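Q: I'd like to ask you about the structure that follows.
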Amino acid sequence: MMELAGLFLGSVLASTLAPFGVEFLLYYLYESNEYSVLALLSVATLGNTAGGCLMLLLGWLLKKGLSKTSWHQRIQQRFKLDDRALARVEKWGPVALLFSWLPVVGDPLCLAAGYLRLPVALSSLMIFLGKLARYAVLLWIFSQA
């Protein structure tokens, strides 16, 4: 059970501040045959979704008032919250968050969605669906190996 907690935490970290890849852990747990594919898919998806929603919250906080502090510049630099990310999310709305699973691109998309105050429920759903698809594909690839 501790392994699933580690998978959850790793999935959260992979979707937030830490450049952490959880794929190796997911593969290890898949190969161990201790947990069902559904359990692995659920834990990894929920953890990664939680991380994406934390980024959404961080973007909202940036817009709310942190923009007057040095944190604003640090966060913008760290996650490359630039005009491109904002333009993509403005153009596509919450649908852009289906791509929040992408490395390098995903964090700025979630941050931009929060910054632009997109609807939280719909944004969270799109983040969840994107992350679910990602982990479903990864687990399918693992099953083919």
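In the structure tokens, the first chain shown is A, the next is B, and so on; residue numbers restart at 1 for each chain, and ligands run from 1 in the order shown.
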Skipping near chain neighbours, those fewer than 6 positions away, what residues fall within 10 Å of Gly106 of chain A using only C-alpha atoms, listed as an MDAnalysis selection string?

A: chainID A and resid 15:16 52 55 79 85 96:100 112 127

Q: Output the selection as a PDB file, in the first residue's frame - C-alpha atoms for each residue.

A:
```
ATOM      1  CA  SER A  15       2.590  17.733 -12.328  1.00  0.00           C
ATOM      2  CA  THR A  16       3.776  20.615 -10.165  1.00  0.00           C
ATOM      3  CA  GLY A  52      -2.541  20.012 -12.235  1.00  0.00           C
ATOM      4  CA  MET A  55      -1.058  24.615 -10.659  1.00  0.00           C
ATOM      5  CA  PHE A  79       6.873  27.649 -15.525  1.00  0.00           C
ATOM      6  CA  ALA A  85       0.704  29.781 -22.936  1.00  0.00           C
ATOM      7  CA  ALA A  96      -6.423  23.212 -23.976  1.00  0.00           C
ATOM      8  CA  LEU A  97      -6.039  21.461 -20.625  1.00  0.00           C
ATOM      9  CA  LEU A  98      -6.493  18.091 -22.302  1.00  0.00           C
ATOM     10  CA  PHE A  99      -2.810  18.607 -23.138  1.00  0.00           C
ATOM     11  CA  SER A 100      -1.776  19.342 -19.556  1.00  0.00           C
ATOM     12  CA  ALA A 112      -2.435  30.041 -17.469  1.00  0.00           C
ATOM     13  CA  ILE A 127      -7.054  18.064 -16.735  1.00  0.00           C
TER      14      ILE A 127
END
```

Q: Report as a ChimeraX atom specification all protein, DNA and RNA residues lying within 10 Å of Leu125 of chain A, evaluated on only C-alpha atoms, omitting residues in the same chain fewer than 4 positions from it.

A: /A:49,53,94-95,97-98,120-121,129-131

Q: Got a sec to tell me which of segment 19-63 of chain A DSSP assigns to alpha helix (DSSP H), as a short mmCIF file (atom, residue, chain, number, x, y, z; two decimals) with N, CA, C and O atoms, in the first residue's frame?

A:
```cif
data_model
loop_
_atom_site.label_atom_id
_atom_site.label_comp_id
_atom_site.auth_asym_id
_atom_site.auth_seq_id
_atom_site.Cartn_x
_atom_site.Cartn_y
_atom_site.Cartn_z
N GLU A 23 7.02 7.70 -14.46
CA GLU A 23 6.83 6.56 -15.35
C GLU A 23 7.58 5.31 -14.89
O GLU A 23 7.05 4.20 -14.99
N PHE A 24 8.80 5.48 -14.40
CA PHE A 24 9.57 4.32 -13.94
C PHE A 24 8.88 3.63 -12.78
O PHE A 24 8.78 2.40 -12.74
N LEU A 25 8.39 4.41 -11.83
CA LEU A 25 7.69 3.85 -10.68
C LEU A 25 6.41 3.14 -11.13
O LEU A 25 6.11 2.03 -10.66
N LEU A 26 5.69 3.75 -12.04
CA LEU A 26 4.47 3.13 -12.56
C LEU A 26 4.79 1.79 -13.23
O LEU A 26 4.11 0.79 -13.01
N TYR A 27 5.86 1.77 -14.03
CA TYR A 27 6.26 0.54 -14.70
C TYR A 27 6.68 -0.53 -13.68
O TYR A 27 6.30 -1.69 -13.80
N TYR A 28 7.43 -0.12 -12.69
CA TYR A 28 7.87 -1.05 -11.65
C TYR A 28 6.66 -1.69 -10.94
O TYR A 28 6.61 -2.90 -10.74
N LEU A 29 5.70 -0.85 -10.58
CA LEU A 29 4.51 -1.36 -9.89
C LEU A 29 3.67 -2.24 -10.81
O LEU A 29 3.08 -3.24 -10.37
N TYR A 30 3.62 -1.89 -12.09
CA TYR A 30 2.89 -2.71 -13.05
C TYR A 30 3.53 -4.09 -13.15
O TYR A 30 2.84 -5.11 -13.11
N GLU A 31 4.84 -4.12 -13.27
CA GLU A 31 5.57 -5.38 -13.42
C GLU A 31 5.54 -6.23 -12.14
O GLU A 31 5.67 -7.44 -12.21
N SER A 32 5.35 -5.60 -11.00
CA SER A 32 5.33 -6.36 -9.74
C SER A 32 4.08 -7.22 -9.60
O SER A 32 4.05 -8.14 -8.79
N VAL A 37 -4.31 -3.10 -12.73
CA VAL A 37 -4.11 -2.00 -13.67
C VAL A 37 -5.06 -0.85 -13.32
O VAL A 37 -4.67 0.32 -13.38
N LEU A 38 -6.27 -1.18 -12.91
CA LEU A 38 -7.24 -0.15 -12.54
C LEU A 38 -6.76 0.66 -11.34
O LEU A 38 -6.91 1.88 -11.29
N ALA A 39 -6.18 -0.03 -10.35
CA ALA A 39 -5.66 0.68 -9.17
C ALA A 39 -4.52 1.61 -9.56
O ALA A 39 -4.48 2.77 -9.14
N LEU A 40 -3.60 1.12 -10.39
CA LEU A 40 -2.47 1.95 -10.84
C LEU A 40 -2.96 3.14 -11.66
O LEU A 40 -2.50 4.27 -11.47
N LEU A 41 -3.89 2.88 -12.56
CA LEU A 41 -4.44 3.94 -13.40
C LEU A 41 -5.14 5.00 -12.54
O LEU A 41 -4.93 6.20 -12.72
N SER A 42 -5.91 4.55 -11.57
CA SER A 42 -6.66 5.47 -10.71
C SER A 42 -5.73 6.34 -9.86
O SER A 42 -5.89 7.56 -9.81
N VAL A 43 -4.76 5.71 -9.21
CA VAL A 43 -3.87 6.45 -8.31
C VAL A 43 -3.01 7.43 -9.08
O VAL A 43 -2.88 8.60 -8.69
N ALA A 44 -2.43 6.99 -10.19
CA ALA A 44 -1.57 7.88 -10.98
C ALA A 44 -2.38 9.03 -11.57
O ALA A 44 -1.93 10.19 -11.54
N THR A 45 -3.56 8.74 -12.07
CA THR A 45 -4.40 9.78 -12.66
C THR A 45 -4.85 10.79 -11.62
O THR A 45 -4.77 12.01 -11.85
N LEU A 46 -5.31 10.31 -10.48
CA LEU A 46 -5.78 11.23 -9.43
C LEU A 46 -4.63 12.08 -8.88
O LEU A 46 -4.81 13.28 -8.64
N GLY A 47 -3.47 11.49 -8.70
CA GLY A 47 -2.32 12.26 -8.22
C GLY A 47 -1.89 13.33 -9.21
O GLY A 47 -1.67 14.49 -8.85
N ASN A 48 -1.81 12.95 -10.48
CA ASN A 48 -1.40 13.91 -11.50
C ASN A 48 -2.45 15.00 -11.70
O ASN A 48 -2.12 16.16 -11.93
N THR A 49 -3.72 14.62 -11.58
CA THR A 49 -4.80 15.61 -11.67
C THR A 49 -4.72 16.58 -10.49
O THR A 49 -4.90 17.79 -10.68
N ALA A 50 -4.46 16.07 -9.30
CA ALA A 50 -4.32 16.94 -8.13
C ALA A 50 -3.19 17.94 -8.34
O ALA A 50 -3.32 19.13 -8.02
N GLY A 51 -2.08 17.48 -8.90
CA GLY A 51 -0.97 18.39 -9.19
C GLY A 51 -1.35 19.45 -10.21
O GLY A 51 -1.01 20.63 -10.05
N GLY A 52 -2.08 19.05 -11.24
CA GLY A 52 -2.54 20.01 -12.23
C GLY A 52 -3.48 21.04 -11.63
O GLY A 52 -3.43 22.23 -11.95
N CYS A 53 -4.34 20.58 -10.73
CA CYS A 53 -5.27 21.50 -10.06
C CYS A 53 -4.53 22.44 -9.10
O CYS A 53 -4.94 23.60 -8.94
N LEU A 54 -3.45 21.96 -8.51
CA LEU A 54 -2.62 22.86 -7.68
C LEU A 54 -2.01 23.96 -8.55
O LEU A 54 -1.93 25.12 -8.13
N MET A 55 -1.59 23.61 -9.74
CA MET A 55 -1.06 24.61 -10.66
C MET A 55 -2.15 25.60 -11.07
O MET A 55 -1.90 26.80 -11.21
N LEU A 56 -3.36 25.10 -11.26
CA LEU A 56 -4.50 25.96 -11.56
C LEU A 56 -4.72 26.96 -10.43
O LEU A 56 -4.90 28.16 -10.67
N LEU A 57 -4.67 26.47 -9.20
CA LEU A 57 -4.81 27.33 -8.03
C LEU A 57 -3.68 28.36 -7.95
O LEU A 57 -3.92 29.53 -7.65
N LEU A 58 -2.48 27.93 -8.24
CA LEU A 58 -1.34 28.84 -8.23
C LEU A 58 -1.53 29.96 -9.25
O LEU A 58 -1.25 31.12 -8.96
N GLY A 59 -2.02 29.62 -10.42
CA GLY A 59 -2.31 30.64 -11.43
C GLY A 59 -3.37 31.62 -10.95
O GLY A 59 -3.27 32.83 -11.16
N TRP A 60 -4.38 31.10 -10.29
CA TRP A 60 -5.44 31.96 -9.74
C TRP A 60 -4.87 32.91 -8.70
O TRP A 60 -5.19 34.09 -8.68
N LEU A 61 -3.98 32.38 -7.84
CA LEU A 61 -3.36 33.21 -6.81
C LEU A 61 -2.46 34.28 -7.43
O LEU A 61 -2.39 35.41 -6.92
N LEU A 62 -1.79 33.93 -8.51
CA LEU A 62 -0.97 34.93 -9.20
C LEU A 62 -1.82 36.10 -9.65
O LEU A 62 -1.45 37.26 -9.50
N LYS A 63 -2.95 35.79 -10.23
CA LYS A 63 -3.84 36.84 -10.72
C LYS A 63 -4.44 37.64 -9.55
O LYS A 63 -4.63 38.83 -9.65
#
```

Q: Record the distance separating atom CA of Trp92 of chain A and atom CA of Asp107 of chain A, expressed in Å with one decimal.

A: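 For atom CA of Trp92 of chain A relative to atom CA of Asp107 of chain A, the distance reads 16.0 Å.
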
Q: Atom CA of Cys110 of chain A to atom CA of Met1 of chain A: how many Å, to one decimal?

A: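 Atom CA of Met1 of chain A lies 29.7 Å from atom CA of Cys110 of chain A.
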
Q: With only C-alpha atoms as the basis for distance, which of A:Val105, A:Tyr135, A:Gly93, A:Leu7 is at the shortest distance from Arg117 of chain A?

A: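 Once distances to Arg117 of chain A are computed over only C-alpha atoms, the minimum belongs to A:Gly93.
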
Q: Please report the interatomic distance between atom CA of Leu86 of chain A and atom CA of Leu109 of chain A in Å with one decimal.

A: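 Taking atom CA of Leu86 of chain A and atom CA of Leu109 of chain A, their separation equals 7.5 Å.
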